[in-house]
>>> print(open('model-v3.txt').read())   # compact mmCIF, C-alpha atoms and all ligand atoms
# COMPACT_ATOMS: atom_id res chain seq x y z
CA MET G 1 121.20 93.18 87.45
CA ILE G 2 121.65 96.46 89.33
CA LEU G 3 121.71 99.61 87.16
CA LYS G 4 122.69 103.04 88.47
CA ALA G 5 119.46 104.97 88.08
CA ASN G 6 121.01 108.35 87.33
CA ASP G 7 122.35 106.95 84.07
CA PRO G 8 119.61 108.09 81.60
CA SER G 9 119.78 104.84 79.65
CA ALA G 10 118.83 102.94 82.81
CA ILE G 11 115.40 104.61 82.96
CA GLN G 12 114.98 103.88 79.25
CA THR G 13 115.80 100.22 79.76
CA ALA G 14 113.35 100.04 82.65
CA CYS G 15 110.58 101.64 80.56
CA GLU G 16 111.16 99.21 77.70
CA LEU G 17 110.82 96.31 80.10
CA LEU G 18 107.63 97.77 81.60
CA ARG G 19 106.18 98.18 78.09
CA LYS G 20 106.91 94.53 77.39
CA GLY G 21 104.97 93.54 80.52
CA GLU G 22 108.08 92.82 82.59
CA ILE G 23 108.68 93.93 86.16
CA VAL G 24 111.46 96.18 87.45
CA ALA G 25 112.60 97.18 90.92
CA PHE G 26 112.96 100.92 91.53
CA PRO G 27 113.68 103.27 94.42
CA THR G 28 111.04 105.34 96.16
CA GLU G 29 111.37 107.68 99.14
CA THR G 30 109.75 105.04 101.39
CA VAL G 31 111.13 101.65 100.35
CA TYR G 32 112.10 99.99 97.05
CA GLY G 33 109.16 98.97 94.87
CA LEU G 34 108.61 96.15 92.41
CA GLY G 35 106.85 97.80 89.49
CA ALA G 36 104.70 96.64 86.60
CA ASP G 37 102.30 98.29 84.16
CA ALA G 38 99.23 98.79 86.37
CA LEU G 39 96.90 98.48 83.40
CA ASN G 40 98.33 95.16 82.23
CA PRO G 41 96.93 92.29 84.33
CA TYR G 42 99.53 89.81 83.01
CA ALA G 43 102.36 92.07 84.09
CA VAL G 44 100.78 92.55 87.51
CA ALA G 45 100.37 88.78 87.85
CA LYS G 46 104.17 88.50 87.62
CA ILE G 47 104.52 90.65 90.73
CA PHE G 48 102.37 88.19 92.66
CA GLU G 49 104.46 85.28 91.37
CA VAL G 50 107.84 86.80 92.12
CA LYS G 51 106.82 87.92 95.62
CA LYS G 52 104.82 84.73 96.30
CA ARG G 53 102.13 87.15 97.36
CA PRO G 54 98.62 85.87 98.03
CA ARG G 55 96.14 87.10 95.44
CA PHE G 56 93.94 88.67 98.11
CA ASP G 57 96.52 91.34 98.98
CA PRO G 58 95.94 94.50 96.88
CA ILE G 59 98.76 96.47 95.24
CA ILE G 60 99.29 100.26 95.29
CA VAL G 61 99.16 102.15 91.99
CA HIS G 62 101.85 104.83 91.55
CA VAL G 63 101.23 107.90 89.41
CA SER G 64 103.23 110.99 88.48
CA ASP G 65 100.30 113.27 87.70
CA PHE G 66 96.90 113.92 89.28
CA PHE G 67 95.36 113.40 85.86
CA TRP G 68 95.72 109.68 86.41
CA VAL G 69 93.76 109.76 89.66
CA GLU G 70 90.82 111.34 87.87
CA ASN G 71 91.23 108.85 85.08
CA LEU G 72 91.21 105.75 87.29
CA VAL G 73 88.65 106.42 90.01
CA LYS G 74 84.89 107.01 90.21
CA LYS G 75 85.07 110.24 92.16
CA VAL G 76 87.62 112.45 93.88
CA PRO G 77 86.19 113.83 97.13
CA PRO G 78 87.07 117.53 97.69
CA GLU G 79 88.85 116.62 100.95
CA VAL G 80 91.33 114.59 98.91
CA LYS G 81 92.38 117.65 96.89
CA ILE G 82 93.15 119.58 100.06
CA ILE G 83 95.30 116.79 101.48
CA THR G 84 97.13 115.92 98.26
CA GLU G 85 97.99 119.57 97.62
CA LYS G 86 100.02 119.46 100.82
CA LEU G 87 101.23 115.85 100.97
CA TRP G 88 101.70 114.73 97.35
CA PRO G 89 104.11 113.87 95.95
CA GLY G 90 105.02 111.97 99.08
CA PRO G 91 104.63 108.87 101.23
CA LEU G 92 100.83 108.82 101.39
CA THR G 93 98.53 106.27 99.72
CA ILE G 94 94.85 107.13 99.36
CA LEU G 95 92.07 104.61 98.77
CA PHE G 96 89.49 105.51 96.10
CA GLU G 97 86.56 103.74 94.50
CA LYS G 98 88.14 102.38 91.34
CA ASN G 99 86.69 102.44 87.83
CA GLU G 100 86.85 99.61 85.29
CA LYS G 101 90.24 100.68 83.89
CA ILE G 102 92.06 99.17 86.87
CA PRO G 103 92.35 95.42 86.44
CA ASP G 104 90.83 93.46 89.31
CA ILE G 105 94.10 91.68 89.99
CA VAL G 106 95.62 95.01 91.12
CA THR G 107 93.04 95.51 93.86
CA ALA G 108 92.63 91.81 94.63
CA GLY G 109 89.00 92.11 93.58
CA LEU G 110 88.26 94.99 95.95
CA PRO G 111 86.17 97.95 94.77
CA THR G 112 88.85 100.35 96.03
CA VAL G 113 92.29 101.15 94.67
CA GLY G 114 95.20 102.62 96.64
CA ILE G 115 96.97 105.40 94.71
CA ARG G 116 100.14 107.22 95.59
CA MET G 117 102.34 109.84 93.92
CA PRO G 118 105.91 109.17 95.03
CA SER G 119 108.35 112.05 95.51
CA HIS G 120 111.60 110.21 94.76
CA HIS G 121 113.10 111.77 91.63
CA ILE G 122 113.90 108.39 90.05
CA ALA G 123 110.41 107.00 90.74
CA LYS G 124 108.92 110.18 89.24
CA ARG G 125 111.14 110.01 86.16
CA LEU G 126 110.39 106.34 85.65
CA ILE G 127 106.61 106.77 85.87
CA GLU G 128 106.66 109.92 83.73
CA SER G 129 108.80 108.34 81.01
CA PHE G 130 106.69 105.21 81.04
CA GLY G 131 103.61 107.40 80.68
CA ARG G 132 101.26 105.05 82.51
CA PRO G 133 100.53 104.18 86.14
CA VAL G 134 102.86 101.68 87.80
CA ALA G 135 101.56 99.05 90.22
CA ALA G 136 104.18 98.37 92.87
CA PRO G 137 104.37 96.60 96.19
CA SER G 138 107.53 96.71 98.27
CA ALA G 139 110.34 94.74 96.59
CA ASN G 140 110.58 91.88 99.10
CA PRO G 141 109.27 88.32 99.19
CA PHE G 142 105.78 88.33 100.72
CA GLY G 143 105.76 88.83 104.47
CA TYR G 144 109.46 89.72 104.71
CA ILE G 145 111.03 93.06 105.64
CA SER G 146 110.86 95.79 102.98
CA PRO G 147 114.18 96.73 101.32
CA THR G 148 115.53 100.28 101.52
CA LYS G 149 118.70 99.64 99.48
CA ALA G 150 119.24 98.26 95.97
CA SER G 151 121.68 95.70 97.40
CA HIS G 152 118.96 94.35 99.69
CA VAL G 153 116.56 93.98 96.77
CA TYR G 154 119.30 92.11 94.95
CA ARG G 155 119.84 89.81 97.88
CA LEU G 156 116.12 89.08 98.24
CA LEU G 157 114.91 88.88 94.64
CA GLY G 158 117.95 89.41 92.38
CA ASP G 159 117.56 86.11 90.57
CA LYS G 160 113.87 86.70 89.79
CA ILE G 161 113.80 90.18 88.29
CA PRO G 162 115.56 91.54 85.20
CA ILE G 163 116.74 94.87 86.64
CA ILE G 164 117.00 96.84 89.85
CA LEU G 165 117.35 100.61 89.46
CA ASP G 166 119.75 101.81 92.15
CA GLY G 167 118.76 105.25 93.43
CA GLY G 168 120.52 105.09 96.79
CA ASP G 169 118.99 104.51 100.21
CA SER G 170 115.30 105.29 100.73
CA VAL G 171 115.10 108.39 102.92
CA TYR G 172 112.00 107.52 104.94
CA GLY G 173 112.84 103.84 105.21
CA ILE G 174 109.26 102.91 106.08
CA GLU G 175 106.26 102.41 103.80
CA SER G 176 103.63 104.98 102.91
CA THR G 177 100.70 105.63 105.21
CA VAL G 178 97.49 104.16 103.74
CA ILE G 179 94.33 106.22 104.34
CA SER G 180 90.78 106.57 103.13
CA ILE G 181 88.92 109.85 103.32
CA ASP G 182 85.28 110.82 103.50
CA GLU G 183 83.59 114.08 104.44
CA LYS G 184 83.74 113.15 108.11
CA LYS G 185 86.95 111.30 108.79
CA ILE G 186 90.42 110.29 107.69
CA ARG G 187 90.88 106.58 108.32
CA ILE G 188 94.34 105.09 108.70
CA HIS G 189 94.53 101.60 107.19
CA ARG G 190 98.29 101.26 107.65
CA PHE G 191 100.62 103.41 109.75
CA GLY G 192 103.51 104.75 107.71
CA ALA G 193 105.80 107.62 106.87
CA VAL G 194 103.12 110.32 107.17
CA THR G 195 102.24 110.48 110.85
CA MET G 196 98.83 110.55 112.51
CA GLU G 197 99.81 113.93 113.98
CA GLU G 198 100.46 115.38 110.48
CA LEU G 199 97.13 114.07 109.20
CA SER G 200 95.16 115.49 112.09
CA GLN G 201 95.64 119.03 110.76
CA PHE G 202 93.17 118.04 108.02
CA GLY G 203 90.39 116.67 110.24
CA GLU G 204 89.45 113.85 112.59
CA VAL G 205 91.77 110.86 112.21
CA VAL G 206 90.75 107.35 113.24
CA VAL G 207 92.50 104.00 112.99
CA ALA G 208 90.44 101.87 110.61
CA THR G 209 91.50 98.58 112.18
CA GLN G 210 90.16 99.73 115.55
CA GLU G 211 86.79 100.81 114.18
CA LYS G 212 83.89 98.41 114.37
CA GLY G 213 82.43 97.22 111.09
CA VAL G 214 85.13 98.71 108.84
CA ALA G 215 87.00 96.11 106.86
CA SER G 216 90.71 96.65 106.29
CA PRO G 217 91.51 94.24 103.54
CA GLY G 218 95.13 93.54 102.89
CA GLN G 219 96.00 94.06 106.54
CA LEU G 220 97.23 90.67 107.56
CA PRO G 221 98.01 89.92 111.20
CA TYR G 222 101.63 89.18 110.37
CA HIS G 223 103.82 90.88 107.83
CA TYR G 224 107.12 92.72 107.72
CA ALA G 225 108.81 89.87 109.53
CA PRO G 226 112.40 88.65 109.60
CA ASN G 227 113.09 84.92 109.23
CA LYS G 228 114.29 84.64 112.81
CA PRO G 229 111.76 85.02 115.62
CA LEU G 230 111.48 88.54 116.97
CA LYS G 231 110.73 89.62 120.51
CA ILE G 232 110.01 93.13 121.72
CA VAL G 233 111.80 94.01 124.98
CA ASP G 234 111.96 97.05 127.24
CA GLY G 235 115.75 97.21 127.08
CA PRO G 236 118.89 95.02 127.15
CA GLN G 237 117.72 93.54 130.49
CA GLY G 238 115.09 91.65 128.46
CA ILE G 239 117.72 89.66 126.52
CA LYS G 240 117.56 86.01 127.65
CA ASN G 241 119.47 84.36 124.81
CA PRO G 242 123.02 85.53 123.96
CA PHE G 243 122.82 83.87 120.51
CA SER G 244 120.79 86.83 119.39
CA SER G 245 120.72 90.17 117.63
CA TYR G 246 119.62 93.34 119.39
CA LEU G 247 117.90 96.25 117.70
CA ALA G 248 118.27 99.15 120.12
CA PHE G 249 116.11 102.22 119.73
CA THR G 250 118.79 104.44 121.21
CA ASN G 251 122.25 104.00 122.82
CA PRO G 252 121.96 101.24 125.47
CA GLU G 253 122.83 102.33 128.98
CA ILE G 254 123.72 98.86 130.21
CA PRO G 255 125.78 96.11 128.51
CA VAL G 256 124.01 94.20 125.74
CA ASN G 257 124.33 90.43 125.88
CA SER G 258 123.79 89.79 122.16
CA LYS G 259 126.12 88.84 119.28
CA TYR G 260 125.05 91.70 117.02
CA ILE G 261 123.79 95.13 117.96
CA LYS G 262 122.39 97.97 115.89
CA VAL G 263 121.33 101.34 117.30
CA LEU G 264 118.51 103.01 115.36
CA THR G 265 119.31 106.52 116.53
CA LYS G 266 121.89 107.83 118.99
CA ASN G 267 119.78 110.78 120.11
CA GLY G 268 116.22 109.44 119.92
CA ASP G 269 115.38 110.98 116.52
CA LEU G 270 112.38 109.01 115.17
CA ARG G 271 113.01 110.08 111.60
CA GLU G 272 116.58 108.78 111.71
CA ALA G 273 115.33 105.60 113.41
CA ALA G 274 112.74 104.98 110.68
CA SER G 275 115.29 105.46 107.92
CA ASN G 276 117.49 102.76 109.47
CA PHE G 277 114.69 100.49 110.64
CA PHE G 278 114.21 97.93 107.85
CA SER G 279 117.83 97.90 106.71
CA TYR G 280 119.04 97.17 110.26
CA LEU G 281 116.41 94.46 110.70
CA ILE G 282 117.61 92.81 107.48
CA GLU G 283 121.22 93.00 108.70
CA LEU G 284 120.32 91.53 112.09
CA ASP G 285 118.33 88.67 110.57
CA ARG G 286 121.35 86.34 110.44
CA ASP G 287 121.75 82.59 110.19
CA ASP G 288 123.97 82.47 113.27
CA VAL G 289 121.44 83.89 115.72
CA GLU G 290 118.37 82.27 117.25
CA VAL G 291 116.30 85.33 118.02
CA ILE G 292 116.16 89.07 117.34
CA TYR G 293 115.35 91.29 120.32
CA ALA G 294 113.94 94.70 119.46
CA GLU G 295 113.76 97.49 121.96
CA ARG G 296 110.34 99.12 122.37
CA ILE G 297 110.06 102.40 120.43
CA PRO G 298 108.10 105.41 121.76
CA GLU G 299 104.65 105.33 120.15
CA VAL G 300 104.43 108.85 118.80
CA GLY G 301 104.88 110.08 115.23
CA LEU G 302 106.86 107.60 113.15
CA GLY G 303 107.27 105.43 116.25
CA ARG G 304 103.72 104.15 115.73
CA ALA G 305 104.56 102.82 112.28
CA MET G 306 107.70 101.08 113.54
CA MET G 307 105.94 99.53 116.55
CA GLU G 308 103.12 98.29 114.30
CA ARG G 309 105.70 96.44 112.20
CA LEU G 310 107.56 95.06 115.24
CA ARG G 311 104.29 93.76 116.72
CA LYS G 312 103.42 92.03 113.46
CA ALA G 313 106.87 90.48 113.29
CA GLU G 314 106.51 89.28 116.90
CA LYS G 315 103.08 87.86 116.19
CA LYS G 316 104.43 85.91 113.23
CA SER G 317 107.07 84.39 115.52
CA LEU G 318 104.26 83.09 117.71
CA TYR G 319 102.51 81.44 114.75
CA THR G 320 105.53 79.70 113.26
O1 LIG P 1 105.57 102.96 100.50
C1 LIG P 1 104.88 102.14 99.95
O2 LIG P 1 103.64 102.13 100.05
C2 LIG P 1 105.58 101.07 99.09
C3 LIG P 1 106.25 101.76 97.91
C4 LIG P 1 106.85 100.79 96.95
O3 LIG P 1 105.33 102.59 97.29
N1 LIG P 1 104.65 100.08 98.69
C5 LIG P 1 104.12 99.17 99.55
O4 LIG P 1 103.27 98.26 98.95
O5 LIG P 1 104.38 99.15 100.73
P1 LIG P 1 102.86 96.87 99.65
O6 LIG P 1 102.14 96.13 98.60
O7 LIG P 1 104.04 96.22 100.22
O8 LIG P 1 101.84 97.28 100.73
C6 LIG P 1 100.63 97.85 100.31
C7 LIG P 1 99.56 97.64 101.33
C8 LIG P 1 98.77 96.35 101.13
O9 LIG P 1 99.29 95.26 101.79
C9 LIG P 1 97.45 96.73 101.71
O10 LIG P 1 97.51 96.60 103.11
C10 LIG P 1 97.32 98.21 101.40
O11 LIG P 1 98.61 98.68 101.09
N2 LIG P 1 96.43 98.41 100.27
C11 LIG P 1 96.73 98.56 98.95
N3 LIG P 1 95.61 98.70 98.22
C12 LIG P 1 94.59 98.62 99.08
C13 LIG P 1 93.17 98.66 98.95
N4 LIG P 1 92.59 98.82 97.77
N5 LIG P 1 92.43 98.54 100.07
C14 LIG P 1 93.00 98.39 101.28
N6 LIG P 1 94.33 98.34 101.47
C15 LIG P 1 95.11 98.44 100.40
MG MG P 2 105.08 95.25 101.53
>>> encode(input="model-v3.txt", output="structure tokens")
Amino acid sequence: MILKANDPSAIQTACELLRKGEIVAFPTETVYGLGADALNPYAVAKIFEVKKRPRFDPIIVHVSDFFWVENLVKKVPPEVKIITEKLWPGPLTILFEKNEKIPDIVTAGLPTVGIRMPSHHIAKRLIESFGRPVAAPSANPFGYISPTKASHVYRLLGDKIPIILDGGDSVYGIESTVISIDEKKIRIHRFGAVTMEELSQFGEVVVATQEKGVASPGQLPYHYAPNKPLKIVDGPQGIKNPFSSYLAFTNPEIPVNSKYIKVLTKNGDLREAASNFFSYLIELDRDDVEVIYAERIPEVGLGRAMMERLRKAEKKSLYT
């Protein structure tokens, strides 16, 4: 059932369900999340069931107050304070060494927990009213594209979850950036809505997956994929199959030989492109096409996060 989130009784209903160990879908500024009481392992187990998510993939814990970070982790490095003062609440997840309060199922047995303080007013109100941290992955079946609209959550998981709080479209449209921080470096574990360029004002930034000897658990080679195979092309000239969808980065300059076309941004604005990215991919993932072609996106700023997801989707097409 979809409930309009600005109706105060909707947040109440959601909190009651969370207290009973149920799961609820709610909006965040990045994508919609599927939330459960982070301190209740049975509730968190339901998230894994509903998403058909493998138990080795850790879940992000959402908080509304820094108090909870101090309460749930072994230590808060001083560098973290500097970064969170600027970027929290917002689309940034930080990995910490967890303490025993976080159930192992949340972190898939890892010693670290990813914590984020979302900025979406409904997410904030929900977590505040609930009064405890909320574990939440994106509200999609495992491996599929993340939803940025309540109607997409309904289409993907509507029959498996009691309520979906509708707070409108997610403004960023792409997931949070996942980082870890030590006194020397900021490591990016997943590209996302906070760009590498923004992070570099706080120190040296490296990509964890490209570093030797640093494990990036939870980073599977394929993820974020539509059902139909996806191929990255340099433009409409790369379209070989007309029974296809085409995700253009910007207005195509030559005719597009596909059944369905979506243009991420008319004037090359990466922010606008990111906000449309997942919802357009969901709309282009249709039964009556054989392949989705996606135009290459410039790899700067938010473009890196989008290209990372397109590459993973393309890779999955090669496996299946
Ligand atoms: O924007 C977002 O981050 C959204 C909204 C709902 O907050 N959530 C989200 O969660 O994208 P999810 O579960 O779809 O992706 C979280 C990813 C995991 O797959 C994993 O790669 C990484 O974050 N992650 C979480 N905890 C981690 C940990 N302890 N160590 C390493 N990576 C972790
Ligand atoms: Mg996800």
>>> residues_near_point(input="model-v3.txt", point="(109.5, 98.5, 105.8)", cutoff="6 Å", atoms="only C-alpha atoms", output="PDB file with C-alpha atoms, in the frame of the given file")
ATOM      1  CA  ILE G 145     111.030  93.060 105.640  1.00  0.00           C
ATOM      2  CA  SER G 146     110.860  95.790 102.980  1.00  0.00           C
ATOM      3  CA  ILE G 174     109.260 102.910 106.080  1.00  0.00           C
ATOM      4  CA  GLU G 175     106.260 102.410 103.800  1.00  0.00           C
ATOM      5  CA  PHE G 278     114.210  97.930 107.850  1.00  0.00           C
TER       6      PHE G 278
END
>>> closest_atom_pairs(input="model-v3.txt", of="range 42-148 of chain G", to="range 6-13 of chain G", cutoff="8 Å", atoms="only C-alpha atoms", output="Markdown table")
| residue | atom | partner | partner_atom | distance |
| --- | --- | --- | --- | --- |
| G:Ile122 | CA | G:Asn6 | CA | 7.6 |
| G:Arg125 | CA | G:Ile11 | CA | 7.6 |
| G:Leu126 | CA | G:Ile11 | CA | 5.9 |
| G:Ser129 | CA | G:Gln12 | CA | 7.8 |
>>> residues_near_ligand(input="model-v3.txt", ligand="ligand MG 2 (chain P)", cutoff="10 Å", atoms="only C-alpha atoms and all ligand atoms", output="list in words")
Val31, Tyr32, Gly33, Leu34, Lys51, Arg53, Asp57, Ile59, Ile60, Ala136, Pro137, Ser138, Ala139, Asn140, Pro141, Phe142, Gly143, Tyr144, Ile145, Ser146, Pro147, Ile174, Glu175, Ser176, His223 and Tyr224 of chain G
>>> residues_around(input="model-v3.txt", residues="Thr177 in chain G", least_positions_apart="2", cutoff="8 Å", atoms="only C-alpha atoms", output="PyMOL selection string")
chain G and resi 91-93+175+179+188-195
>>> write_last_selection(input="model-v3.txt", atoms="C-alpha atoms", output="mmCIF file, in the frame of the given file")
data_model
loop_
_atom_site.group_PDB
_atom_site.id
_atom_site.type_symbol
_atom_site.label_atom_id
_atom_site.label_comp_id
_atom_site.auth_asym_id
_atom_site.auth_seq_id
_atom_site.Cartn_x
_atom_site.Cartn_y
_atom_site.Cartn_z
ATOM 1 C CA PRO G 91 104.630 108.870 101.230
ATOM 2 C CA LEU G 92 100.830 108.820 101.390
ATOM 3 C CA THR G 93 98.530 106.270 99.720
ATOM 4 C CA GLU G 175 106.260 102.410 103.800
ATOM 5 C CA ILE G 179 94.330 106.220 104.340
ATOM 6 C CA ILE G 188 94.340 105.090 108.700
ATOM 7 C CA HIS G 189 94.530 101.600 107.190
ATOM 8 C CA ARG G 190 98.290 101.260 107.650
ATOM 9 C CA PHE G 191 100.620 103.410 109.750
ATOM 10 C CA GLY G 192 103.510 104.750 107.710
ATOM 11 C CA ALA G 193 105.800 107.620 106.870
ATOM 12 C CA VAL G 194 103.120 110.320 107.170
ATOM 13 C CA THR G 195 102.240 110.480 110.850
#
>>> residues_near_point(input="model-v3.txt", point="(105.0, 108.1, 118.9)", cutoff="12 Å", atoms="all atoms listed in the file", output="PyMOL selection string")
chain G and resi 191-192+195-197+268-271+273-274+296-308
>>> write_last_selection(input="model-v3.txt", atoms="C-alpha atoms", output="compact mmCIF listing (two decimals), in the coordinates of the input")
# COMPACT_ATOMS: atom_id res chain seq x y z
CA PHE G 191 100.62 103.41 109.75
CA GLY G 192 103.51 104.75 107.71
CA THR G 195 102.24 110.48 110.85
CA MET G 196 98.83 110.55 112.51
CA GLU G 197 99.81 113.93 113.98
CA GLY G 268 116.22 109.44 119.92
CA ASP G 269 115.38 110.98 116.52
CA LEU G 270 112.38 109.01 115.17
CA ARG G 271 113.01 110.08 111.60
CA ALA G 273 115.33 105.60 113.41
CA ALA G 274 112.74 104.98 110.68
CA ARG G 296 110.34 99.12 122.37
CA ILE G 297 110.06 102.40 120.43
CA PRO G 298 108.10 105.41 121.76
CA GLU G 299 104.65 105.33 120.15
CA VAL G 300 104.43 108.85 118.80
CA GLY G 301 104.88 110.08 115.23
CA LEU G 302 106.86 107.60 113.15
CA GLY G 303 107.27 105.43 116.25
CA ARG G 304 103.72 104.15 115.73
CA ALA G 305 104.56 102.82 112.28
CA MET G 306 107.70 101.08 113.54
CA MET G 307 105.94 99.53 116.55
CA GLU G 308 103.12 98.29 114.30
>>> closest_residue(input="model-v3.txt", among="G:Asp166, G:Glu79, G:Glu198, G:Asp287", to="Pro27 in chain G", atoms="all atoms listed in the file")
G:Asp166
>>> axis_aligned_box(input="model-v3.txt", around="ligand LIG 1 (chain P)", padding_each_side="8 Å", output="lines of an AutoDock Vina configuration file")
center_x = 99.6
center_y = 99.1
center_z = 100.0
size_x = 30.4
size_y = 23.7
size_z = 22.2
>>> atom_distance(input="model-v3.txt", atom1="CA of Ile105 in chain G", atom2="atom C14 of ligand LIG 1 (chain P)")
13.2 Å
>>> atom_distance(input="model-v3.txt", atom1="CA of Leu284 in chain G", atom2="atom O10 of ligand LIG 1 (chain P)")
25.0 Å
>>> closest_residue(input="model-v3.txt", among="G:Leu199, G:Pro133, G:Ile239, G:Pro226", to="Phe67 in chain G", atoms="all atoms listed in the file")
G:Pro133
>>> closest_residue(input="model-v3.txt", among="G:Gly21, G:Leu310, G:Ile164, G:Ile102", to="Ala45 in chain G", atoms="only C-alpha atoms")
G:Gly21
>>> closest_residue(input="model-v3.txt", among="G:Leu264, G:Leu156, G:Val61, G:Leu17", to="ligand LIG 1 (chain P)", atoms="all atoms listed in the file")
G:Val61
>>> residues_around(input="model-v3.txt", residues="Pro252 in chain G", least_positions_apart="2", cutoff="9 Å", atoms="all atoms listed in the file", output="ChimeraX atom specification")
/G:235-236,248-250,254-256,263
>>> residues_around(input="model-v3.txt", residues="Glu97 in chain G", least_positions_apart="5", cutoff="9 Å", atoms="all atoms listed in the file", output="count of residues only")
9
>>> closest_residue(input="model-v3.txt", among="G:Glu283, G:Asp104, G:Glu49, G:Asp37", to="ligand LIG 1 (chain P)", atoms="all atoms listed in the file")
G:Asp104
>>> atom_distance(input="model-v3.txt", atom1="CA of Met117 in chain G", atom2="CA of His62 in chain G")
5.6 Å
>>> closest_residue(input="model-v3.txt", among="G:Ser170, G:Asn99, G:Asn227, G:Thr28", to="Val291 in chain G", atoms="only C-alpha atoms")
G:Asn227
>>> residues_around(input="model-v3.txt", residues="Ile261 in chain G", least_positions_apart="3", cutoff="7 Å", atoms="all atoms listed in the file", output="PyMOL selection string")
chain G and resi 245-247+258
>>> write_last_selection(input="model-v3.txt", atoms="C-alpha atoms", output="mmCIF file, in the frame of the given file")
data_model
loop_
_atom_site.group_PDB
_atom_site.id
_atom_site.type_symbol
_atom_site.label_atom_id
_atom_site.label_comp_id
_atom_site.auth_asym_id
_atom_site.auth_seq_id
_atom_site.Cartn_x
_atom_site.Cartn_y
_atom_site.Cartn_z
ATOM 1 C CA SER G 245 120.720 90.170 117.630
ATOM 2 C CA TYR G 246 119.620 93.340 119.390
ATOM 3 C CA LEU G 247 117.900 96.250 117.700
ATOM 4 C CA SER G 258 123.790 89.790 122.160
#
